[in-house]
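*Asks:* my_file.pdb (PDB, C-alpha atoms) pasted underneath:
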```
ATOM      1  CA  MET A 112      78.035  51.371 306.318
ATOM      2  CA  ILE A 113      75.181  52.739 308.450
ATOM      3  CA  PHE A 114      77.236  55.895 309.120
ATOM      4  CA  ARG A 115      77.714  56.471 305.378
ATOM      5  CA  ILE A 116      73.980  56.078 304.772
ATOM      6  CA  HIS A 117      73.172  58.609 307.492
ATOM      7  CA  ILE A 118      75.602  61.124 305.956
ATOM      8  CA  SER A 119      74.036  60.651 302.509
ATOM      9  CA  VAL A 120      70.534  61.199 303.898
ATOM     10  CA  LEU A 121      71.675  64.305 305.739
ATOM     11  CA  LEU A 122      73.257  65.799 302.619
ATOM     12  CA  PHE A 123      70.108  65.029 300.620
ATOM     13  CA  VAL A 124      67.902  66.783 303.170
ATOM     14  CA  ILE A 125      70.163  69.840 303.291
ATOM     15  CA  GLY A 126      70.273  70.054 299.498
ATOM     16  CA  THR A 127      66.514  69.776 298.992
ATOM     17  CA  THR A 128      65.648  72.258 301.743
ATOM     18  CA  SER A 129      68.118  74.784 300.347
ATOM     19  CA  LEU A 130      66.201  74.671 297.063
ATOM     20  CA  LEU A 131      63.022  75.667 298.902
ATOM     21  CA  ILE A 132      64.567  78.808 300.383
ATOM     22  CA  PRO A 133      63.598  81.807 298.223
ATOM     23  CA  VAL A 134      66.496  83.657 296.656
ATOM     24  CA  SER A 135      66.060  87.408 296.820
ATOM     25  CA  PRO A 136      67.090  89.382 293.750
ATOM     26  CA  CYS A 137      70.169  91.578 293.833
ATOM     27  CA  SER A 138      69.410  94.948 295.317
ATOM     28  CA  ALA A 139      70.006  98.009 293.168
ATOM     29  CA  ALA A 140      72.894 100.357 293.751
ATOM     30  CA  ASP A 141      72.347 103.348 296.016
ATOM     31  CA  THR A 142      71.238 106.695 294.637
ATOM     32  CA  LEU A 143      73.963 109.338 294.628
ATOM     33  CA  VAL A 144      72.616 112.296 296.597
ATOM     34  CA  LEU A 145      74.188 115.709 295.973
ATOM     35  CA  LYS A 146      73.969 118.283 298.772
ATOM     36  CA  ASP A 147      75.216 121.803 299.387
ATOM     37  CA  SER A 148      78.632 122.350 300.982
ATOM     38  CA  GLU A 149      79.728 118.784 300.397
ATOM     39  CA  GLN A 150      82.326 117.149 298.187
ATOM     40  CA  GLN A 151      82.381 118.171 294.541
ATOM     41  CA  GLN A 152      83.812 114.950 293.119
ATOM     42  CA  TYR A 153      82.309 111.458 293.357
ATOM     43  CA  ALA A 154      83.525 108.051 292.177
ATOM     44  CA  LEU A 155      80.451 106.540 290.518
ATOM     45  CA  GLY A 156      81.661 102.933 290.499
ATOM     46  CA  LEU A 157      79.840 102.001 293.702
ATOM     47  CA  TYR A 158      76.639 103.763 292.607
ATOM     48  CA  MET A 159      76.190 101.847 289.350
ATOM     49  CA  ASP A 160      74.256  98.763 288.279
ATOM     50  CA  ILE A 161      75.805  96.702 285.489
ATOM     51  CA  LEU A 162      74.272  94.457 282.820
ATOM     52  CA  GLU A 163      76.314  92.376 280.383
ATOM     53  CA  ASP A 164      74.775  92.062 276.914
ATOM     54  CA  PHE A 165      76.504  89.016 275.441
ATOM     55  CA  ASP A 166      74.912  89.352 271.981
ATOM     56  CA  ARG A 167      75.145  93.171 271.841
ATOM     57  CA  LYS A 168      71.515  93.343 270.657
ATOM     58  CA  LEU A 169      69.746  95.101 273.521
ATOM     59  CA  THR A 170      68.517  98.653 272.993
ATOM     60  CA  ILE A 171      67.722 101.381 275.502
ATOM     61  CA  ASN A 172      64.020 100.468 275.170
ATOM     62  CA  ASP A 173      64.821  96.867 276.062
ATOM     63  CA  ILE A 174      66.934  97.912 279.018
ATOM     64  CA  THR A 175      64.302 100.262 280.457
ATOM     65  CA  SER A 176      61.320  97.976 279.802
ATOM     66  CA  GLY A 177      61.849  96.044 283.025
ATOM     67  CA  ARG A 178      62.254  92.678 281.276
ATOM     68  CA  TYR A 179      65.980  92.590 281.994
ATOM     69  CA  GLU A 180      65.901  94.061 285.478
ATOM     70  CA  HIS A 181      66.987  90.726 286.968
ATOM     71  CA  ARG A 182      70.209  90.840 284.970
ATOM     72  CA  PHE A 183      71.428  94.097 286.516
ATOM     73  CA  VAL A 184      73.919  93.590 289.339
ATOM     74  CA  PRO A 185      75.335  96.310 291.616
ATOM     75  CA  SER A 186      78.952  97.247 291.035
ATOM     76  CA  ARG A 187      81.309  96.273 293.846
ATOM     77  CA  LYS A 188      84.321  98.272 292.679
ATOM     78  CA  PRO A 189      85.017 102.028 292.521
ATOM     79  CA  ALA A 190      86.378 101.510 288.987
ATOM     80  CA  PRO A 191      84.796  98.421 287.350
ATOM     81  CA  GLY A 192      86.948  96.520 284.864
ATOM     82  CA  PHE A 193      86.107  93.527 282.662
ATOM     83  CA  GLY A 194      89.283  92.824 280.691
ATOM     84  CA  PHE A 195      89.050  91.952 277.008
ATOM     85  CA  THR A 196      85.475  91.065 276.115
ATOM     86  CA  SER A 197      83.224  91.014 273.046
ATOM     87  CA  SER A 198      80.111  91.774 275.124
ATOM     88  CA  ALA A 199      78.380  95.124 275.379
ATOM     89  CA  PHE A 200      78.008  96.450 278.904
ATOM     90  CA  TRP A 201      75.220  98.666 280.198
ATOM     91  CA  PHE A 202      75.753 100.878 283.239
ATOM     92  CA  ARG A 203      72.944 102.551 285.169
ATOM     93  CA  PHE A 204      73.159 105.152 287.910
ATOM     94  CA  THR A 205      70.745 107.558 289.605
ATOM     95  CA  VAL A 206      71.572 111.051 290.838
ATOM     96  CA  LYS A 207      69.409 113.248 293.080
ATOM     97  CA  ASN A 208      70.086 116.945 293.593
ATOM     98  CA  GLN A 209      69.107 117.850 297.151
ATOM     99  CA  GLY A 210      70.957 121.145 296.983
ATOM    100  CA  SER A 211      69.349 124.562 297.223
ATOM    101  CA  GLN A 212      69.813 125.342 293.527
ATOM    102  CA  ALA A 213      70.245 123.812 290.104
ATOM    103  CA  GLU A 214      73.659 122.264 289.494
ATOM    104  CA  LYS A 215      75.754 121.363 286.469
ATOM    105  CA  TYR A 216      77.996 118.333 286.807
ATOM    106  CA  PHE A 217      80.169 116.408 284.378
ATOM    107  CA  LEU A 218      80.373 112.667 283.923
ATOM    108  CA  ASP A 219      84.046 111.833 283.340
ATOM    109  CA  ILE A 220      85.059 108.437 281.917
ATOM    110  CA  GLU A 221      88.769 108.375 282.649
ATOM    111  CA  TYR A 222      89.836 105.720 280.142
ATOM    112  CA  PRO A 223      90.474 107.267 276.693
ATOM    113  CA  LEU A 224      90.862 103.945 274.815
ATOM    114  CA  LEU A 225      87.198 102.865 274.738
ATOM    115  CA  ASP A 226      85.868 102.373 271.193
ATOM    116  CA  HIS A 227      82.130 103.065 271.405
ATOM    117  CA  ILE A 228      80.255 104.847 274.195
ATOM    118  CA  GLU A 229      76.592 105.862 274.215
ATOM    119  CA  PHE A 230      75.340 108.069 277.022
ATOM    120  CA  TYR A 231      71.568 108.174 277.546
ATOM    121  CA  ALA A 232      69.927 111.038 279.426
ATOM    122  CA  PRO A 233      66.147 111.663 279.662
ATOM    123  CA  ASP A 234      65.036 114.285 277.143
ATOM    124  CA  GLY A 235      62.010 115.419 279.174
ATOM    125  CA  ASN A 236      59.509 114.063 276.640
ATOM    126  CA  GLY A 237      59.599 110.412 277.576
ATOM    127  CA  GLY A 238      62.520 109.661 275.293
ATOM    128  CA  TRP A 239      66.288 109.728 275.492
ATOM    129  CA  ALA A 240      68.947 112.189 274.430
ATOM    130  CA  ILE A 241      71.867 110.121 273.121
ATOM    131  CA  THR A 242      75.458 111.327 273.082
ATOM    132  CA  GLN A 243      78.041 109.182 271.333
ATOM    133  CA  ALA A 244      81.766 109.137 272.011
ATOM    134  CA  GLY A 245      84.788 106.854 271.740
ATOM    135  CA  ASP A 246      88.089 106.668 269.916
ATOM    136  CA  ARG A 247      86.331 105.182 266.861
ATOM    137  CA  LEU A 248      84.974 108.672 266.188
ATOM    138  CA  PRO A 249      87.011 111.746 265.167
ATOM    139  CA  PHE A 250      88.166 113.758 268.155
ATOM    140  CA  ASP A 251      86.369 116.890 266.935
ATOM    141  CA  SER A 252      83.030 115.082 267.138
ATOM    142  CA  ARG A 253      83.178 115.227 270.947
ATOM    143  CA  ALA A 254      80.851 117.711 272.576
ATOM    144  CA  ILE A 255      83.627 118.665 275.022
ATOM    145  CA  LYS A 256      87.159 118.635 273.588
ATOM    146  CA  TYR A 257      89.068 116.774 276.274
ATOM    147  CA  ARG A 258      91.319 113.720 276.337
ATOM    148  CA  ASN A 259      88.831 111.837 278.558
ATOM    149  CA  PHE A 260      85.156 111.369 277.697
ATOM    150  CA  LEU A 261      83.019 114.096 279.281
ATOM    151  CA  PHE A 262      79.213 114.341 279.362
ATOM    152  CA  PRO A 263      77.364 117.281 280.988
ATOM    153  CA  LEU A 264      74.548 116.668 283.483
ATOM    154  CA  ASN A 265      72.144 119.518 284.235
ATOM    155  CA  LEU A 266      70.299 118.819 287.486
ATOM    156  CA  ALA A 267      67.396 120.997 288.610
ATOM    157  CA  LYS A 268      66.754 121.569 292.309
ATOM    158  CA  GLY A 269      65.188 118.425 293.813
ATOM    159  CA  GLN A 270      65.546 116.496 290.556
ATOM    160  CA  GLN A 271      66.250 112.767 290.597
ATOM    161  CA  THR A 272      67.368 111.282 287.291
ATOM    162  CA  THR A 273      68.530 107.881 286.098
ATOM    163  CA  TYR A 274      71.172 107.724 283.355
ATOM    164  CA  TYR A 275      72.461 104.864 281.220
ATOM    165  CA  ILE A 276      75.798 104.188 279.537
ATOM    166  CA  ARG A 277      76.427 101.548 276.885
ATOM    167  CA  CYS A 278      80.003 100.585 276.066
ATOM    168  CA  VAL A 279      81.584  98.256 273.495
ATOM    169  CA  THR A 280      85.308  98.111 272.854
ATOM    170  CA  SER A 281      88.032  95.902 271.397
ATOM    171  CA  SER A 282      90.496  97.086 274.031
ATOM    172  CA  SER A 283      90.291  96.229 277.708
ATOM    173  CA  LEU A 284      86.941  97.449 279.004
ATOM    174  CA  ASN A 285      87.664  99.618 282.038
ATOM    175  CA  MET A 286      85.140 102.086 283.455
ATOM    176  CA  PRO A 287      86.696 104.483 285.964
ATOM    177  CA  VAL A 288      83.796 106.956 286.109
ATOM    178  CA  SER A 289      83.588 110.132 288.162
ATOM    179  CA  LEU A 290      80.997 112.848 288.644
ATOM    180  CA  LEU A 291      82.506 116.309 289.038
ATOM    181  CA  SER A 292      81.237 119.819 289.532
ATOM    182  CA  THR A 293      82.518 122.489 287.156
ATOM    183  CA  GLY A 294      85.022 123.748 289.702
ATOM    184  CA  ALA A 295      86.274 120.261 290.534
ATOM    185  CA  LEU A 296      86.708 119.463 286.838
ATOM    186  CA  VAL A 297      88.749 122.622 286.235
ATOM    187  CA  ASN A 298      90.943 122.012 289.285
ATOM    188  CA  ARG A 299      91.601 118.393 288.400
ATOM    189  CA  ALA A 300      92.347 119.209 284.768
ATOM    190  CA  GLU A 301      94.855 121.861 285.827
ATOM    191  CA  ASN A 302      96.582 119.525 288.290
ATOM    192  CA  GLU A 303      96.707 116.644 285.836
ATOM    193  CA  GLU A 304      98.013 118.803 282.996
ATOM    194  CA  THR A 305     100.752 120.150 285.278
ATOM    195  CA  MET A 306     101.865 116.667 286.361
ATOM    196  CA  LEU A 307     101.712 115.303 282.810
ATOM    197  CA  GLY A 308     103.702 118.295 281.580
ATOM    198  CA  LEU A 309     106.424 117.613 284.153
ATOM    199  CA  TYR A 310     106.495 113.913 283.319
ATOM    200  CA  PHE A 311     106.754 114.349 279.558
ATOM    201  CA  GLY A 312     109.157 117.259 280.011
ATOM    202  CA  ILE A 313     111.548 114.890 281.813
ATOM    203  CA  LEU A 314     111.212 112.349 278.979
ATOM    204  CA  ILE A 315     111.979 115.032 276.385
ATOM    205  CA  ALA A 316     115.009 116.180 278.390
ATOM    206  CA  MET A 317     116.297 112.581 278.557
ATOM    207  CA  LEU A 318     115.761 112.174 274.831
ATOM    208  CA  ALA A 319     117.572 115.423 273.967
ATOM    209  CA  TYR A 320     120.473 114.733 276.351
ATOM    210  CA  ASN A 321     121.116 111.255 274.989
ATOM    211  CA  PHE A 322     120.805 112.438 271.398
ATOM    212  CA  ILE A 323     123.521 115.035 272.075
ATOM    213  CA  LEU A 324     125.704 112.284 273.551
ATOM    214  CA  PHE A 325     125.141 110.181 270.454
ATOM    215  CA  VAL A 326     126.154 113.059 268.165
ATOM    216  CA  MET A 327     129.292 113.753 270.217
ATOM    217  CA  ILE A 328     130.429 110.196 271.024
ATOM    218  CA  ARG A 329     129.021 108.345 268.003
ATOM    219  CA  ASP A 330     128.030 105.372 270.141
ATOM    220  CA  ILE A 331     125.065 103.598 268.561
ATOM    221  CA  THR A 332     123.831 102.587 272.028
ATOM    222  CA  TYR A 333     122.788 106.175 272.740
ATOM    223  CA  PHE A 334     120.826 106.281 269.481
ATOM    224  CA  TYR A 335     118.905 103.148 270.444
ATOM    225  CA  TYR A 336     118.218 104.694 273.832
ATOM    226  CA  VAL A 337     116.868 107.835 272.166
ATOM    227  CA  LEU A 338     114.503 105.687 270.098
ATOM    228  CA  PHE A 339     113.489 103.742 273.203
ATOM    229  CA  VAL A 340     112.621 106.910 275.147
ATOM    230  CA  GLY A 341     110.782 108.334 272.136
ATOM    231  CA  CYS A 342     108.669 105.210 271.583
ATOM    232  CA  PHE A 343     107.949 104.846 275.283
ATOM    233  CA  GLY A 344     106.904 108.506 275.482
ATOM    234  CA  MET A 345     104.573 108.116 272.494
ATOM    235  CA  PHE A 346     103.033 105.048 274.127
ATOM    236  CA  GLN A 347     102.348 107.067 277.278
ATOM    237  CA  LEU A 348     100.889 109.946 275.261
ATOM    238  CA  SER A 349      98.499 107.549 273.517
ATOM    239  CA  LEU A 350      97.563 105.784 276.752
ATOM    240  CA  ASN A 351      96.520 109.122 278.281
ATOM    241  CA  GLY A 352      94.566 110.220 275.182
ATOM    242  CA  ILE A 353      96.885 113.163 274.512
ATOM    243  CA  SER A 354      98.235 112.028 271.147
ATOM    244  CA  PHE A 355      94.704 111.486 269.781
ATOM    245  CA  GLU A 356      93.769 114.982 270.908
ATOM    246  CA  TYR A 357      96.775 116.818 269.446
ATOM    247  CA  PHE A 358      98.633 114.649 266.910
ATOM    248  CA  TRP A 359      96.120 112.590 264.890
ATOM    249  CA  PRO A 360      92.552 113.607 265.881
ATOM    250  CA  ASP A 361      91.103 112.480 262.525
ATOM    251  CA  SER A 362      93.064 109.246 262.039
ATOM    252  CA  ILE A 363      90.790 106.602 263.561
ATOM    253  CA  TRP A 364      92.823 103.629 262.343
ATOM    254  CA  TRP A 365      96.159 104.907 263.617
ATOM    255  CA  ALA A 366      94.639 106.004 266.903
ATOM    256  CA  ASN A 367      93.672 102.383 267.573
ATOM    257  CA  VAL A 368      96.880 100.648 266.430
ATOM    258  CA  ASN A 369      99.602 103.056 267.553
ATOM    259  CA  ILE A 370      99.675 101.778 271.157
ATOM    260  CA  PRO A 371     100.739  98.181 270.300
ATOM    261  CA  PHE A 372     103.074  99.619 267.658
ATOM    262  CA  PHE A 373     104.904 101.859 270.125
ATOM    263  CA  ILE A 374     104.970  99.108 272.775
ATOM    264  CA  CYS A 375     106.683  96.720 270.333
ATOM    265  CA  ALA A 376     109.033  99.435 269.067
ATOM    266  CA  ALA A 377     110.072 100.411 272.594
ATOM    267  CA  TYR A 378     110.672  96.742 273.425
ATOM    268  CA  LEU A 379     112.870  96.260 270.334
ATOM    269  CA  MET A 380     114.869  99.409 271.031
ATOM    270  CA  GLY A 381     115.297  98.341 274.665
TER     271      GLY A 381
END
```
Spell out the structure here as structure tokens.

*Replies:*
Amino acid sequence: MIFRIHISVLLFVIGTTSLLIPVSPCSAADTLVLKDSEQQQYALGLYMDILEDFDRKLTINDITSGRYEHRFVPSRKPAPGFGFTSSAFWFRFTVKNQGSQAEKYFLDIEYPLLDHIEFYAPDGNGGWAITQAGDRLPFDSRAIKYRNFLFPLNLAKGQQTTYYIRCVTSSSLNMPVSLLSTGALVNRAENEETMLGLYFGILIAMLAYNFILFVMIRDITYFYYVLFVGCFGMFQLSLNGISFEYFWPDSIWWANVNIPFFICAAYLMG
């Protein structure tokens, strides 16, 4: 009995003293410093602070007022992901150009299925230049016609700038964000287009080959396989943002429902 009382007293003392220890706020993410003769591509995930806006009511003025600074937390992942959520998420990152000249970089959000994106950059007059993107807007409304979401950043020599991104989506909210120089963007686009061309070329060859077998043998199994490959290929095209770019750039509704449609169709054909 005495032993139990001593344990209870000890736990009480530990609990009360822990409440007296000050809790330091979360430190902000590091500033991304750009230098000459260094890498030309950066994963921004570990340089971002994140704030979840549960009610989706906060504006850029609210976010930058300092009242919600305590709600920003540093990202711990190179590509933050939040699953399916009804919240709006704010992302903040700071870039400093320590190079010997002005540089132009591109912010690349490598997930083409996001519904609404707002990119905030200082306009030089105390306000914000806002660029909107997302697959809830026609493809031609994008400043840079590319399957991913691209935003240009012009950085003067010695300039340090903080940028904000607001994102709301009905799909899974994933934010694989990179910062690329012009040369790095061109090289990556060329490499990705080559690999995607090979991949979809193989799918087309499989589709054509099995369709010929169906015509020659008249076995319905080959026809189902052709439909399976076709639906699976269309799902992959939509997942990579290619179909929205080339097939239905103005059809907002179909751009947002074709992925589950082709998934179900491929499953049925399989």

*Asks:* Report as a list in words all protein, DNA and RNA residues lying within 10 Å of Trp239 (chain A), evaluated on all atoms listed in the file, omitting residues in the same chain fewer than 4 positions from it.

*Replies:*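 Using all atoms listed in the file, the neighbours found are Ile171, Asn172, Phe230, Tyr231, Ala232, Pro233, Asp234, Gly235, Tyr274 and Tyr275 of chain A.
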
*Asks:* What does the PyMOL selection byres ((chain A and resi 311) around 12) select in this file, as a PDB file with C-alpha atoms, keeping the file's coordinate frame?

*Replies:*
```
ATOM      1  CA  GLU A 304      98.013 118.803 282.996  1.00  0.00           C
ATOM      2  CA  THR A 305     100.752 120.150 285.278  1.00  0.00           C
ATOM      3  CA  MET A 306     101.865 116.667 286.361  1.00  0.00           C
ATOM      4  CA  LEU A 307     101.712 115.303 282.810  1.00  0.00           C
ATOM      5  CA  GLY A 308     103.702 118.295 281.580  1.00  0.00           C
ATOM      6  CA  LEU A 309     106.424 117.613 284.153  1.00  0.00           C
ATOM      7  CA  TYR A 310     106.495 113.913 283.319  1.00  0.00           C
ATOM      8  CA  GLY A 312     109.157 117.259 280.011  1.00  0.00           C
ATOM      9  CA  ILE A 313     111.548 114.890 281.813  1.00  0.00           C
ATOM     10  CA  LEU A 314     111.212 112.349 278.979  1.00  0.00           C
ATOM     11  CA  ILE A 315     111.979 115.032 276.385  1.00  0.00           C
ATOM     12  CA  ALA A 316     115.009 116.180 278.390  1.00  0.00           C
ATOM     13  CA  MET A 317     116.297 112.581 278.557  1.00  0.00           C
ATOM     14  CA  LEU A 318     115.761 112.174 274.831  1.00  0.00           C
ATOM     15  CA  VAL A 340     112.621 106.910 275.147  1.00  0.00           C
ATOM     16  CA  GLY A 341     110.782 108.334 272.136  1.00  0.00           C
ATOM     17  CA  PHE A 343     107.949 104.846 275.283  1.00  0.00           C
ATOM     18  CA  GLY A 344     106.904 108.506 275.482  1.00  0.00           C
ATOM     19  CA  MET A 345     104.573 108.116 272.494  1.00  0.00           C
ATOM     20  CA  PHE A 346     103.033 105.048 274.127  1.00  0.00           C
ATOM     21  CA  GLN A 347     102.348 107.067 277.278  1.00  0.00           C
ATOM     22  CA  LEU A 348     100.889 109.946 275.261  1.00  0.00           C
ATOM     23  CA  ASN A 351      96.520 109.122 278.281  1.00  0.00           C
ATOM     24  CA  ILE A 353      96.885 113.163 274.512  1.00  0.00           C
TER      25      ILE A 353
END
```

*Asks:* Exactly which residues make up the result of the PyMOL selection byres ((chain A and resi 358-375) around 6) on this file, given as a list in words?

*Replies:*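 For this structure, the PyMOL selection byres ((chain A and resi 358-375) around 6) captures Arg247, Pro249, Phe250, Cys342, Phe346, Ser354, Phe355, Glu356, Tyr357, Ala376, Ala377 and Tyr378 of chain A.
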
*Asks:* Mind dumping the selected residues with C-alpha atoms as a short mmCIF file (atom, residue, chain, number, x, y, z; two decimals), in the frame of the given file?

*Replies:*
```cif
data_model
loop_
_atom_site.label_atom_id
_atom_site.label_comp_id
_atom_site.auth_asym_id
_atom_site.auth_seq_id
_atom_site.Cartn_x
_atom_site.Cartn_y
_atom_site.Cartn_z
CA ARG A 247 86.33 105.18 266.86
CA PRO A 249 87.01 111.75 265.17
CA PHE A 250 88.17 113.76 268.15
CA CYS A 342 108.67 105.21 271.58
CA PHE A 346 103.03 105.05 274.13
CA SER A 354 98.24 112.03 271.15
CA PHE A 355 94.70 111.49 269.78
CA GLU A 356 93.77 114.98 270.91
CA TYR A 357 96.78 116.82 269.45
CA ALA A 376 109.03 99.44 269.07
CA ALA A 377 110.07 100.41 272.59
CA TYR A 378 110.67 96.74 273.42
#
```

*Asks:* Measure the distance from CA of Phe193 (chain A) to CA of Ser289 (chain A) in Å and round it to one decimal.

*Replies:*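 So the two atoms, CA of Phe193 (chain A) and CA of Ser289 (chain A), lie 17.7 Å apart.
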
*Asks:* What's the 9 Å shell around Arg203 (chain A), counting all atoms listed in the file, without same-chain residues fewer than 2 positions away, as number ranges by chain?

*Replies:* A: 140, 158-162, 183, 201, 205, 273-276

*Asks:* Point out the residue among A:Asn321, A:Ser281, A:Thr332, A:Asn302 with the least atom-to-atom distance to Asp226 (chain A), counting all atoms listed in the file.

*Replies:* A:Ser281

*Asks:* Work out how far apart CA of Phe165 (chain A) and CA of Ser283 (chain A) are and give it in Å to one decimal.

*Replies:* 15.7 Å

*Asks:* Run the PyMOL selection byres ((chain A and resi 262) around 8) mentally over the shown coordinates, then write out the matched residues as a ChimeraX atom specification, using the chain letters and numbers from the document.

*Replies:* /A:217-219,230,242,254-255,260-261,263-264

*Asks:* Of the candidates A:Thr175, A:Ser211, A:Asn285, A:Ser292, which one gets nearest to Pro191 (chain A) if we count all atoms listed in the file?

*Replies:*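 Smallest distance to Pro191 (chain A) is found for A:Asn285.
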
*Asks:* Please compute the CA of His227 (chain A)-CA of Arg277 (chain A) distance, one decimal, in Å.

*Replies:*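 Here the two named atoms are 8.1 Å from each other.
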
*Asks:* When you count all atoms listed in the file, which of these residues is closest to Ala300 (chain A): A:Thr272, A:Ile328, A:Thr280, A:Asn259?

*Replies:*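 Closest candidate: A:Asn259.
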
*Asks:* Show me, as JSON, the centre and edge lengths in Å to one decimal of the axis-aligned box that covers every listed atom of region 284-297 of chain A with 3 Å on each side.

*Replies:*
```
{"center_x": 84.9, "center_y": 110.6, "center_z": 284.8, "size_x": 13.8, "size_y": 32.3, "size_z": 17.5}
```

*Asks:* Generate the coordinates of N, CA, C and O atoms for region 273-285 of chain A; report them as a PDB file, in the frame of the given file.

*Replies:*
```pdb
ATOM      1  N   THR A 273      67.780 109.101 286.369  1.00  0.00           N
ATOM      2  CA  THR A 273      68.530 107.881 286.098  1.00  0.00           C
ATOM      3  C   THR A 273      69.137 107.980 284.706  1.00  0.00           C
ATOM      4  O   THR A 273      68.455 108.317 283.733  1.00  0.00           O
ATOM      5  N   TYR A 274      70.426 107.665 284.612  1.00  0.00           N
ATOM      6  CA  TYR A 274      71.172 107.724 283.355  1.00  0.00           C
ATOM      7  C   TYR A 274      71.694 106.331 283.008  1.00  0.00           C
ATOM      8  O   TYR A 274      71.883 105.481 283.880  1.00  0.00           O
ATOM      9  N   TYR A 275      71.947 106.142 281.706  1.00  0.00           N
ATOM     10  CA  TYR A 275      72.461 104.864 281.220  1.00  0.00           C
ATOM     11  C   TYR A 275      73.686 105.107 280.336  1.00  0.00           C
ATOM     12  O   TYR A 275      73.761 106.106 279.608  1.00  0.00           O
ATOM     13  N   ILE A 276      74.618 104.165 280.395  1.00  0.00           N
ATOM     14  CA  ILE A 276      75.798 104.188 279.537  1.00  0.00           C
ATOM     15  C   ILE A 276      75.922 102.818 278.887  1.00  0.00           C
ATOM     16  O   ILE A 276      75.810 101.786 279.562  1.00  0.00           O
ATOM     17  N   ARG A 277      76.146 102.798 277.601  1.00  0.00           N
ATOM     18  CA  ARG A 277      76.427 101.548 276.885  1.00  0.00           C
ATOM     19  C   ARG A 277      77.841 101.629 276.323  1.00  0.00           C
ATOM     20  O   ARG A 277      78.212 102.638 275.712  1.00  0.00           O
ATOM     21  N   CYS A 278      78.614 100.567 276.504  1.00  0.00           N
ATOM     22  CA  CYS A 278      80.003 100.585 276.066  1.00  0.00           C
ATOM     23  C   CYS A 278      80.360  99.277 275.380  1.00  0.00           C
ATOM     24  O   CYS A 278      80.043  98.192 275.876  1.00  0.00           O
ATOM     25  N   VAL A 279      81.026  99.401 274.231  1.00  0.00           N
ATOM     26  CA  VAL A 279      81.584  98.256 273.495  1.00  0.00           C
ATOM     27  C   VAL A 279      82.988  98.658 273.062  1.00  0.00           C
ATOM     28  O   VAL A 279      83.195  99.774 272.569  1.00  0.00           O
ATOM     29  N   THR A 280      83.942  97.761 273.234  1.00  0.00           N
ATOM     30  CA  THR A 280      85.308  98.111 272.854  1.00  0.00           C
ATOM     31  C   THR A 280      86.105  96.852 272.549  1.00  0.00           C
ATOM     32  O   THR A 280      85.816  95.772 273.067  1.00  0.00           O
ATOM     33  N   SER A 281      87.120  97.002 271.702  1.00  0.00           N
ATOM     34  CA  SER A 281      88.032  95.902 271.397  1.00  0.00           C
ATOM     35  C   SER A 281      89.222  95.907 272.341  1.00  0.00           C
ATOM     36  O   SER A 281      89.947  94.915 272.430  1.00  0.00           O
ATOM     37  N   SER A 282      89.438  97.019 273.028  1.00  0.00           N
ATOM     38  CA  SER A 282      90.496  97.086 274.031  1.00  0.00           C
ATOM     39  C   SER A 282      89.944  96.589 275.363  1.00  0.00           C
ATOM     40  O   SER A 282      88.790  96.171 275.461  1.00  0.00           O
ATOM     41  N   SER A 283      90.766  96.611 276.384  1.00  0.00           N
ATOM     42  CA  SER A 283      90.291  96.229 277.708  1.00  0.00           C
ATOM     43  C   SER A 283      89.183  97.186 278.148  1.00  0.00           C
ATOM     44  O   SER A 283      89.324  98.405 278.029  1.00  0.00           O
ATOM     45  N   LEU A 284      88.093  96.618 278.636  1.00  0.00           N
ATOM     46  CA  LEU A 284      86.941  97.449 279.004  1.00  0.00           C
ATOM     47  C   LEU A 284      87.065  97.847 280.478  1.00  0.00           C
ATOM     48  O   LEU A 284      86.742  97.068 281.371  1.00  0.00           O
ATOM     49  N   ASN A 285      87.537  99.052 280.699  1.00  0.00           N
ATOM     50  CA  ASN A 285      87.664  99.618 282.038  1.00  0.00           C
ATOM     51  C   ASN A 285      86.746 100.834 282.134  1.00  0.00           C
ATOM     52  O   ASN A 285      86.658 101.621 281.189  1.00  0.00           O
TER      53      ASN A 285
END
```
